[in-house]
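Quick look at target-v9.cif (mmCIF, C-alpha atoms and all ligand atoms):
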data_model
loop_
_atom_site.label_atom_id
_atom_site.label_comp_id
_atom_site.auth_asym_id
_atom_site.auth_seq_id
_atom_site.Cartn_x
_atom_site.Cartn_y
_atom_site.Cartn_z
CA MET E 278 0.00 0.00 0.00
CA ILE E 279 1.20 3.51 -0.88
CA VAL E 280 0.19 6.34 1.54
CA LYS E 281 0.82 9.95 0.51
CA LYS E 282 -0.19 13.47 1.56
CA PHE E 283 -1.51 16.00 -0.97
CA TYR E 284 -1.98 19.76 -0.48
CA GLY E 285 -4.06 22.47 -2.16
CA ARG E 286 -6.40 25.43 -1.80
CA THR E 287 -9.67 23.52 -2.05
CA VAL E 288 -10.76 19.94 -1.44
CA GLU E 289 -11.75 19.56 -5.14
CA GLU E 290 -8.34 20.73 -6.30
CA VAL E 291 -6.53 18.25 -4.01
CA ILE E 292 -8.79 15.31 -5.03
CA LYS E 293 -8.07 16.06 -8.69
CA ASP E 294 -4.36 15.94 -7.91
CA ILE E 295 -4.74 12.64 -6.02
CA LYS E 296 -6.62 11.01 -8.90
CA GLU E 297 -4.01 12.14 -11.37
CA ASN E 298 -1.21 10.75 -9.22
CA LEU E 299 -2.66 7.61 -7.62
CA GLY E 300 -5.47 6.81 -10.00
CA GLU E 301 -9.28 6.70 -9.74
CA ASP E 302 -9.29 3.92 -7.13
CA ALA E 303 -7.22 5.78 -4.52
CA THR E 304 -8.76 5.88 -1.02
CA LEU E 305 -9.01 9.13 0.98
CA LEU E 306 -7.91 8.48 4.57
CA LEU E 307 -7.96 11.91 6.20
CA VAL E 308 -9.02 15.44 5.16
CA GLN E 309 -7.92 18.38 7.29
CA LYS E 310 -6.96 22.03 7.28
CA VAL E 311 -3.35 22.59 8.24
CA ARG E 312 -1.02 25.52 8.58
CA LYS E 313 0.97 26.25 5.45
CA LYS E 314 4.66 25.61 5.55
CA GLY E 315 7.16 28.47 5.79
CA LEU E 316 6.53 32.15 6.37
CA ARG E 317 2.93 32.13 5.13
CA GLY E 318 2.08 29.43 7.68
CA PHE E 319 3.77 31.53 10.36
CA LEU E 320 1.52 34.39 9.34
CA GLY E 321 -1.54 32.14 9.86
CA PHE E 322 -2.30 30.99 6.29
CA LYS E 323 -3.92 27.52 6.07
CA GLU E 324 -4.43 24.93 3.33
CA ILE E 325 -6.19 21.60 2.71
CA GLU E 326 -4.22 18.41 3.41
CA ILE E 327 -5.59 15.08 2.26
CA THR E 328 -3.94 11.79 3.12
CA ALA E 329 -4.66 9.27 0.39
CA ALA E 330 -3.76 5.59 -0.11
CA LYS E 331 -3.58 3.09 -2.94
CA GLU E 332 -3.37 -0.72 -2.81
CA VAL E 333 -0.51 -2.08 -4.85
CA ASN E 334 -0.35 -5.86 -5.19
CA PHE E 335 3.27 -6.59 -5.85
CA GLU E 336 2.45 -10.26 -6.43
CA ILE E 337 0.53 -9.41 -9.58
CA GLN E 338 3.66 -8.03 -11.11
CA GLU E 339 5.85 -10.90 -10.09
CA LYS E 340 6.58 -13.13 -13.05
CA ILE E 341 7.86 -16.61 -12.62
CA SER E 342 10.53 -18.13 -14.78
CA PRO E 343 9.88 -21.06 -17.11
CA VAL E 344 10.97 -24.67 -16.63
CA SER E 345 14.75 -24.78 -16.56
CA GLU E 346 16.72 -26.90 -18.98
CA ASP E 347 17.38 -29.58 -16.36
CA GLY E 348 13.61 -29.92 -15.91
CA ILE E 349 13.20 -28.00 -12.64
CA ILE E 350 9.59 -26.87 -12.43
CA PRO E 351 8.60 -23.85 -10.32
CA GLU E 352 6.68 -25.08 -7.24
CA LEU E 353 3.27 -23.60 -7.94
CA PRO E 354 -0.05 -25.40 -7.44
CA ALA E 355 -1.25 -25.35 -11.07
CA LEU E 356 2.12 -26.59 -12.37
CA CYS E 357 2.36 -29.33 -9.74
CA LYS E 358 -1.12 -30.52 -10.74
CA ILE E 359 -0.20 -30.65 -14.44
CA LYS E 360 2.96 -32.58 -13.65
CA LYS E 361 1.13 -35.09 -11.44
CA LEU E 362 -1.69 -35.62 -13.94
CA LEU E 363 0.56 -36.11 -16.97
CA LYS E 364 2.97 -38.31 -15.02
CA GLU E 365 0.13 -40.56 -13.92
CA GLU E 366 -0.89 -40.90 -17.56
CA GLU E 367 2.73 -41.78 -18.41
CA VAL E 368 3.40 -38.87 -20.71
CA ASP E 369 7.15 -38.66 -21.48
CA THR E 370 9.05 -36.32 -19.14
CA ASP E 371 10.33 -34.04 -21.93
CA ILE E 372 6.79 -33.54 -23.17
CA ILE E 373 5.54 -32.80 -19.62
CA ASN E 374 8.19 -30.08 -19.28
CA ASN E 375 7.19 -28.62 -22.63
CA VAL E 376 3.51 -28.56 -21.65
CA ILE E 377 4.40 -26.81 -18.39
CA SER E 378 6.56 -24.22 -20.19
CA SER E 379 3.73 -23.56 -22.64
CA TYR E 380 1.25 -23.28 -19.74
CA ILE E 381 3.49 -20.70 -18.03
CA GLU E 382 3.68 -18.79 -21.29
CA ALA E 383 -0.09 -18.96 -21.83
CA THR E 384 -0.72 -17.45 -18.39
CA GLY E 385 1.93 -14.77 -18.91
CA GLY E 386 3.97 -16.31 -16.08
CA ASN E 387 1.65 -14.58 -13.63
CA ARG E 388 2.16 -16.07 -10.17
CA LEU E 389 -1.44 -15.43 -9.12
CA LYS E 390 -2.83 -17.15 -12.20
CA LEU E 391 -0.65 -20.15 -11.48
CA GLN E 392 -2.38 -20.87 -8.17
CA ASP E 393 -5.39 -22.67 -9.67
CA LEU E 394 -5.25 -24.96 -12.67
CA ASP E 395 -7.11 -23.62 -15.69
CA THR E 396 -8.22 -26.89 -17.32
CA GLY E 397 -9.30 -25.01 -20.46
CA ILE E 398 -5.74 -23.90 -21.15
CA LEU E 399 -4.34 -27.35 -20.36
CA GLU E 400 -6.91 -29.01 -22.59
CA SER E 401 -6.06 -26.81 -25.55
CA LEU E 402 -2.32 -27.44 -25.06
CA ILE E 403 -2.90 -31.20 -24.99
CA LYS E 404 -5.21 -31.06 -27.98
CA GLY E 405 -2.49 -29.21 -29.89
CA LEU E 406 -0.06 -32.06 -29.22
CA ILE E 407 -2.43 -34.86 -30.24
CA LYS E 408 -2.22 -34.46 -33.96
CA THR E 409 -5.03 -36.31 -35.72
CA GLU E 410 -6.20 -36.54 -39.28
CA ASN E 411 -9.54 -37.52 -40.59
CA ASP E 412 -8.62 -39.47 -43.69
CA SER E 413 -12.05 -41.04 -44.06
CA PHE E 414 -12.99 -42.24 -47.50
CA LYS E 415 -13.27 -39.33 -49.88
CA SER E 416 -12.92 -39.88 -53.59
CA GLY E 417 -10.56 -41.98 -55.66
CA LYS E 418 -9.18 -45.39 -54.94
CA ILE E 419 -7.83 -46.45 -51.60
CA ARG E 420 -4.71 -48.56 -51.45
CA SER E 421 -3.63 -48.96 -47.85
CA ILE E 422 -0.91 -51.03 -46.27
CA PHE E 423 -0.74 -51.72 -42.56
CA ILE E 424 2.63 -52.20 -40.91
CA GLY E 425 3.80 -52.60 -37.32
CA PRO E 426 5.01 -55.07 -34.72
CA PRO E 427 3.39 -58.47 -34.15
CA GLY E 428 0.22 -58.45 -32.08
CA ALA E 429 -0.34 -54.71 -32.52
CA GLY E 430 -3.70 -55.37 -34.15
CA LYS E 431 -3.02 -54.99 -37.89
CA THR E 432 -5.14 -57.90 -39.11
CA THR E 433 -8.03 -57.11 -36.76
CA THR E 434 -7.96 -53.45 -37.81
CA ILE E 435 -7.93 -54.35 -41.52
CA LEU E 436 -10.99 -56.56 -41.06
CA LYS E 437 -12.81 -53.78 -39.17
CA LEU E 438 -11.99 -51.26 -41.91
CA ALA E 439 -12.85 -53.73 -44.69
CA ALA E 440 -16.26 -54.27 -43.07
CA HIS E 441 -16.75 -50.52 -42.76
CA TYR E 442 -15.85 -49.78 -46.38
CA SER E 443 -17.86 -52.62 -47.89
CA ILE E 444 -20.94 -52.57 -45.64
CA GLU E 445 -21.32 -48.91 -44.62
CA GLU E 446 -19.84 -47.23 -47.67
CA SER E 447 -20.77 -49.88 -50.27
CA LYS E 448 -17.24 -49.80 -51.71
CA SER E 449 -15.87 -52.82 -53.52
CA THR E 450 -13.14 -54.02 -51.19
CA ALA E 451 -10.36 -56.61 -51.28
CA ILE E 452 -7.66 -57.75 -48.88
CA ILE E 453 -4.15 -58.95 -49.71
CA THR E 454 -2.04 -60.55 -47.04
CA THR E 455 1.72 -60.82 -47.12
CA ASP E 456 1.83 -62.47 -43.71
CA ILE E 457 2.87 -65.97 -44.65
CA TYR E 458 4.86 -66.49 -41.47
CA ARG E 459 2.44 -66.78 -38.57
CA SER E 460 0.65 -70.08 -38.49
CA GLY E 461 -3.09 -69.62 -38.71
CA ALA E 462 -2.80 -66.03 -39.92
CA ILE E 463 -4.11 -66.80 -43.41
CA GLU E 464 -6.90 -69.03 -42.11
CA GLN E 465 -7.99 -66.32 -39.64
CA LEU E 466 -8.21 -63.81 -42.44
CA LYS E 467 -10.05 -66.20 -44.75
CA VAL E 468 -12.71 -67.06 -42.15
CA TYR E 469 -13.56 -63.40 -41.55
CA SER E 470 -13.35 -62.31 -45.17
CA LYS E 471 -15.77 -65.11 -46.10
CA MET E 472 -18.16 -63.86 -43.42
CA LEU E 473 -17.85 -60.33 -44.76
CA ASP E 474 -17.94 -61.53 -48.37
CA ILE E 475 -14.66 -59.79 -49.20
CA PRO E 476 -12.06 -61.51 -51.43
CA VAL E 477 -8.67 -62.20 -49.90
CA GLU E 478 -5.47 -63.24 -51.66
CA VAL E 479 -2.12 -64.34 -50.29
CA ALA E 480 1.08 -62.91 -51.77
CA PHE E 481 4.09 -65.14 -51.13
CA ASN E 482 6.51 -62.91 -53.02
CA VAL E 483 6.73 -59.66 -54.96
CA ARG E 484 5.70 -61.31 -58.26
CA ASP E 485 2.55 -62.66 -56.61
CA PHE E 486 1.89 -59.29 -55.14
CA GLU E 487 2.15 -57.49 -58.49
CA ARG E 488 -0.22 -60.00 -60.08
CA ILE E 489 -2.81 -59.64 -57.29
CA ILE E 490 -2.63 -55.84 -57.29
CA ARG E 491 -3.42 -55.96 -61.05
CA LYS E 492 -6.21 -58.46 -60.46
CA PHE E 493 -7.86 -56.17 -57.90
CA ASP E 494 -7.23 -53.05 -59.96
CA SER E 495 -10.92 -52.22 -60.35
CA LYS E 496 -11.61 -52.41 -56.60
CA ASP E 497 -12.36 -49.17 -54.74
CA VAL E 498 -10.41 -50.33 -51.73
CA ILE E 499 -7.42 -52.67 -51.37
CA LEU E 500 -6.14 -53.27 -47.85
CA VAL E 501 -2.74 -54.94 -47.52
CA ASP E 502 -1.84 -56.87 -44.38
CA SER E 503 1.73 -57.53 -43.33
CA ALA E 504 3.55 -59.56 -40.74
CA GLY E 505 5.33 -57.90 -37.87
CA ARG E 506 8.38 -59.89 -37.02
CA SER E 507 10.51 -58.80 -34.15
CA LYS E 508 13.66 -60.94 -34.76
CA ARG E 509 14.29 -60.48 -38.46
CA ASP E 510 12.39 -57.24 -38.75
CA LYS E 511 15.06 -55.38 -40.74
CA GLU E 512 15.13 -57.96 -43.51
CA TYR E 513 11.35 -58.17 -43.60
CA VAL E 514 11.01 -54.38 -43.71
CA GLU E 515 13.14 -54.50 -46.87
CA THR E 516 10.75 -57.06 -48.39
CA LEU E 517 7.81 -54.86 -47.45
CA ARG E 518 9.51 -51.95 -49.16
CA LYS E 519 9.56 -53.93 -52.39
CA PHE E 520 5.87 -54.73 -52.00
CA ILE E 521 5.05 -51.07 -51.45
CA TYR E 522 6.97 -50.03 -54.57
CA THR E 523 4.72 -52.17 -56.72
CA ILE E 524 1.56 -50.36 -55.55
CA PRO E 525 0.71 -47.37 -57.75
CA LEU E 526 1.65 -44.38 -55.63
CA GLN E 527 -1.58 -42.53 -56.17
CA GLY E 528 -3.85 -43.02 -53.19
CA LEU E 529 -1.30 -45.17 -51.34
CA LYS E 530 -1.46 -44.81 -47.61
CA VAL E 531 0.89 -46.46 -45.15
CA TYR E 532 -0.49 -46.96 -41.64
CA LEU E 533 1.74 -47.80 -38.71
CA VAL E 534 -0.28 -49.74 -36.13
CA VAL E 535 0.90 -49.56 -32.51
CA SER E 536 -0.72 -50.60 -29.26
CA ILE E 537 -1.35 -48.01 -26.56
CA MET E 538 -0.21 -50.67 -24.08
CA ASP E 539 3.40 -50.63 -25.30
CA SER E 540 6.06 -48.50 -23.62
CA SER E 541 6.96 -45.32 -25.45
CA ARG E 542 10.55 -46.59 -25.62
CA TYR E 543 9.40 -49.69 -27.51
CA ILE E 544 7.20 -47.59 -29.80
CA LYS E 545 10.23 -45.43 -30.54
CA GLU E 546 12.22 -48.54 -31.57
CA VAL E 547 9.32 -49.71 -33.73
CA PHE E 548 9.14 -46.33 -35.44
CA GLU E 549 12.89 -46.33 -36.10
CA ASN E 550 12.52 -49.75 -37.66
CA TYR E 551 9.60 -48.89 -39.93
CA LYS E 552 10.26 -45.30 -40.84
CA ILE E 553 12.03 -46.27 -44.08
CA LEU E 554 8.57 -47.28 -45.32
CA TYR E 555 7.44 -43.67 -44.86
CA PRO E 556 4.27 -44.24 -42.83
CA ASN E 557 1.65 -41.51 -43.32
CA PHE E 558 -0.61 -42.24 -40.38
CA ILE E 559 -0.69 -43.91 -37.01
CA ILE E 560 -3.40 -46.25 -35.76
CA VAL E 561 -3.37 -46.62 -31.97
CA SER E 562 -4.93 -49.92 -30.93
CA LYS E 563 -6.34 -51.37 -27.71
CA LEU E 564 -7.61 -48.20 -26.03
CA ASP E 565 -10.10 -50.43 -24.22
CA GLU E 566 -7.23 -52.08 -22.35
CA ALA E 567 -5.32 -48.92 -21.51
CA THR E 568 -4.56 -48.06 -17.90
CA SER E 569 -2.97 -44.76 -18.93
CA PHE E 570 -3.42 -42.63 -22.02
CA GLY E 571 -0.15 -40.68 -22.24
CA ASN E 572 0.83 -42.56 -25.40
CA LEU E 573 -1.87 -40.63 -27.23
CA ILE E 574 0.47 -37.64 -26.81
CA ASN E 575 3.79 -39.50 -26.86
CA ILE E 576 3.15 -41.25 -30.19
CA PRO E 577 2.27 -38.27 -32.43
CA VAL E 578 5.01 -36.16 -30.82
CA LEU E 579 7.60 -38.93 -31.23
CA THR E 580 6.70 -39.82 -34.82
CA ASP E 581 5.47 -36.43 -36.00
CA LEU E 582 2.60 -38.30 -37.65
CA PRO E 583 -1.13 -37.82 -37.17
CA ILE E 584 -3.33 -40.49 -35.58
CA ALA E 585 -5.97 -41.57 -38.09
CA TYR E 586 -7.87 -44.17 -36.08
CA VAL E 587 -8.04 -45.64 -32.61
CA THR E 588 -9.34 -49.13 -31.93
CA THR E 589 -11.32 -49.98 -28.84
CA GLY E 590 -11.89 -53.73 -28.71
CA GLN E 591 -11.68 -57.10 -30.42
CA ASP E 592 -15.05 -57.07 -32.15
CA ILE E 593 -15.21 -57.26 -35.96
CA PRO E 594 -16.93 -55.25 -37.32
CA GLY E 595 -16.95 -52.31 -34.95
CA ASP E 596 -14.52 -51.18 -32.23
CA ILE E 597 -12.75 -48.64 -34.44
CA GLU E 598 -13.13 -44.86 -34.46
CA VAL E 599 -11.77 -41.98 -36.50
CA ALA E 600 -9.33 -40.22 -34.15
CA LYS E 601 -10.45 -36.82 -32.84
CA SER E 602 -8.04 -34.78 -30.76
CA ASN E 603 -10.88 -33.42 -28.58
CA LYS E 604 -11.96 -36.84 -27.49
CA LEU E 605 -8.43 -38.19 -27.10
CA ALA E 606 -7.41 -35.18 -24.99
CA ASN E 607 -10.31 -35.97 -22.69
CA PHE E 608 -9.03 -39.49 -22.11
CA ILE E 609 -5.88 -37.92 -20.72
CA LEU E 610 -7.63 -35.26 -18.67
CA LYS E 611 -10.28 -37.52 -17.24
CA GLY E 612 -8.29 -40.74 -16.95
CA ASN E 613 -10.13 -44.00 -17.24
CA VAL E 614 -13.32 -42.82 -18.84
CA ASP E 615 -15.71 -45.27 -20.37
CA ILE E 616 -14.93 -45.06 -24.04
CA LYS E 617 -17.56 -47.34 -25.46
N1 LIG E 701 -8.57 -55.45 -26.49
C1 LIG E 701 -8.25 -55.28 -27.77
N2 LIG E 701 -7.66 -56.26 -28.44
C2 LIG E 701 -7.35 -56.06 -29.74
C3 LIG E 701 -7.62 -54.83 -30.40
N3 LIG E 701 -7.18 -54.95 -31.68
C4 LIG E 701 -6.64 -56.20 -31.79
N4 LIG E 701 -6.75 -56.87 -30.62
C5 LIG E 701 -6.31 -58.23 -30.29
O1 LIG E 701 -4.90 -58.28 -30.34
C6 LIG E 701 -4.46 -59.55 -30.78
C7 LIG E 701 -3.52 -59.39 -31.97
O2 LIG E 701 -4.26 -58.81 -33.04
P1 LIG E 701 -3.87 -59.03 -34.56
O3 LIG E 701 -4.83 -58.26 -35.38
O4 LIG E 701 -3.73 -60.48 -34.87
O5 LIG E 701 -2.43 -58.34 -34.56
P2 LIG E 701 -1.33 -58.32 -35.73
O6 LIG E 701 -0.29 -59.32 -35.34
O7 LIG E 701 -0.78 -56.93 -35.70
O8 LIG E 701 -2.02 -58.65 -37.00
C8 LIG E 701 -5.74 -60.33 -31.12
O9 LIG E 701 -6.05 -61.17 -30.03
C9 LIG E 701 -6.78 -59.26 -31.31
O10 LIG E 701 -8.07 -59.71 -31.02
C10 LIG E 701 -8.26 -53.79 -29.65
O11 LIG E 701 -8.55 -52.69 -30.12
N5 LIG E 701 -8.55 -54.08 -28.35
MG MG E 702 -1.69 -60.16 -38.37
#
When written as structure tokens, how does the structure in this file appear?
Ligand SMILES: Nc1nc2c(ncn2[C@@H]2O[C@H](COP(=O)(O)OP(=O)(O)O)[C@@H](O)[C@H]2O)c(=O)[nH]1
Ligand SMILES: [Mg+2]
Amino acid sequence: MIVKKFYGRTVEEVIKDIKENLGEDATLLLVQKVRKKGLRGFLGFKEIEITAAKEVNFEIQEKISPVSEDGIIPELPALCKIKKLLKEEEVDTDIINNVISSYIEATGGNRLKLQDLDTGILESLIKGLIKTENDSFKSGKIRSIFIGPPGAGKTTTILKLAAHYSIEESKSTAIITTDIYRSGAIEQLKVYSKMLDIPVEVAFNVRDFERIIRKFDSKDVILVDSAGRSKRDKEYVETLRKFIYTIPLQGLKVYLVVSIMDSSRYIKEVFENYKILYPNFIIVSKLDEATSFGNLINIPVLTDLPIAYVTTGQDIPGDIEVAKSNKLANFILKGNVDIK
């Protein structure tokens, strides 16, 4: 608080002076007539003295500094809450620090504003990190290949999408599998494709693959399944590359399928392994099994690729959704929400 005395001939004159100096919201504490200073006062001249005060909240002006390079976060309630929430959801530490720095920036580093968490700001920051892309069927032919580690959910996802395209969008659809390694994989695919009345062909090598691609040329949609093989992945990725080269580039989409249940370190390894195939989109599977949702941020940040779909169960058809950053951000903010 600032307290100051003002002098003048009349009360009005002094108040005007106070307002000019301390502002409209200054408080008048005491008004009195006092003897003037100096000779005139000695001779008995008087004047008006008003004591006025103004509240100054120094805290408002105090700015806090951003997260330091070694990850030290200022101890303020809103920032502690963000850190706790994102840590519980297993968001990578570097990303948490970036979110906190952006939050500080968004609030202007104002210490008062950092007392309570503004979930609106946090939500928009998280939404900004969860890059998604709605690549739903538009026009032209769809030629999609699904790559990723074993068990991620490639075959299941292909069957769900095949059902969607053929039943809901009445598109002529075909499936090609290049997974000749896992026993039962071809049979599994054939059983479902028969149920869905969708043709499926097996390509044992690149020559086969070229022939089948030509055979299905008139189809609106061709979905290509692949094997994910952890041990000899590098060699197999090379084979896949040859397959991809035989697909006409126009309309070709490469989807990397990863499970939300995997550690972000493993997903990073997977991405390193498959990036030579230039994936365009991510599909995050098994959201129904997730105990934390941080990978929904970790994956698009790590790969710099948008999430196109998320899958939410084992049922074919069904259990697949076009990814929307709003909804995915809510999984992180609200934790284990019912997603069905
Ligand atoms: N809970 C759950 N299981 C899934 C999901 N997608 C696939 N699966 C299961 O994961 C296992 C491996 O799936 P599969 O499609 O064979 O994986 P692929 O090796 O990548 O082809 C199967 O038991 C699927 O039923 C999902 O969204 N949620
Ligand atoms: Mg498979």
Contacts to ligand LIG 701 (chain E) at 9 Å cut-off (all atoms listed in the file) as a PyMOL selection string: chain E and resi 423-436+456+459+462+465+502-506+534-536+561-567+587-592+596-597
Which residue of E:Ala303, E:Ile341, E:Ile457, E:Leu579 approaches ligand MG 702 (chain E) most closely, using all atoms listed in the file: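 Ranking E:Ala303, E:Ile341, E:Ile457, E:Leu579 by distance to ligand MG 702 (chain E), first place goes to E:Ile457.
Distance annotation: of E:Lys418, E:Lys511, E:Arg518, E:Lys467, the residue with the minimal separation from Ser495 of chain E is E:Lys418; atom set is only C-alpha atoms.
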Using all atoms listed in the file, which protein or nucleic acid residues come within 8 Å of Ile453 of chain E? Drop anything in the same chain fewer than 2 positions from it, and give the result as a PDB file with C-alpha atoms, in the frame of the given file.
ATOM      1  CA  ALA E 451     -10.360 -56.610 -51.280  1.00  0.00           C
ATOM      2  CA  THR E 455       1.720 -60.820 -47.120  1.00  0.00           C
ATOM      3  CA  VAL E 477      -8.670 -62.200 -49.900  1.00  0.00           C
ATOM      4  CA  GLU E 478      -5.470 -63.240 -51.660  1.00  0.00           C
ATOM      5  CA  VAL E 479      -2.120 -64.340 -50.290  1.00  0.00           C
ATOM      6  CA  ALA E 480       1.080 -62.910 -51.770  1.00  0.00           C
ATOM      7  CA  ILE E 489      -2.810 -59.640 -57.290  1.00  0.00           C
ATOM      8  CA  ILE E 499      -7.420 -52.670 -51.370  1.00  0.00           C
ATOM      9  CA  LEU E 500      -6.140 -53.270 -47.850  1.00  0.00           C
ATOM     10  CA  VAL E 501      -2.740 -54.940 -47.520  1.00  0.00           C
ATOM     11  CA  ASP E 502      -1.840 -56.870 -44.380  1.00  0.00           C
TER      12      ASP E 502
END
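In this comparison, which uses only C-alpha atoms, the residue of E:Phe520, E:Asn374, E:Leu353, E:Thr450 approaching Arg484 of chain E most closely is E:Phe520.
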Shell around segment 292-299 of chain E at 8 Å using only C-alpha atoms, local window under 5 positions removed, as a PyMOL selection string: chain E and resi 283+327+329-331
Separation of atom CA of Lys282 of chain E from atom CA of Gly318 of chain E in Å: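 We find that atom CA of Gly318 of chain E and atom CA of Lys282 of chain E lie 17.2 Å from each other.
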Selected residue of minimal separation from ligand MG 702 (chain E) among E:Gly461, E:Gly315, E:Gly300, E:Pro351, counting only C-alpha atoms and all ligand atoms: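 Closest to ligand MG 702 (chain E) of all the choices is E:Gly461.
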Would you compute the box with edges along x, y and z of the file around segment 399-403 of chain E, including every atom the file lists for it and 3 Å extra on each side, and give its centre and edge lengths in Å to one decimal, as JSON?
{"center_x": -4.6, "center_y": -29.0, "center_z": -23.0, "size_x": 10.6, "size_y": 10.4, "size_z": 11.2}
Atom-to-atom span, atom CA of Tyr532 of chain E and atom CA of Ile559 of chain E, Å: 5.5 Å
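Atom pair atom CA of Leu529 of chain E / atom CA of Tyr543 of chain E: separated by 26.5 Å.
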Residues near segment 360-363 of chain E, cut-off 12 Å, all atoms listed in the file, skip fewer than 5 positions along chain, as a PyMOL selection string: chain E and resi 344+348-355+368-378+380+394+396+399-400+403+569-575+606+608-612
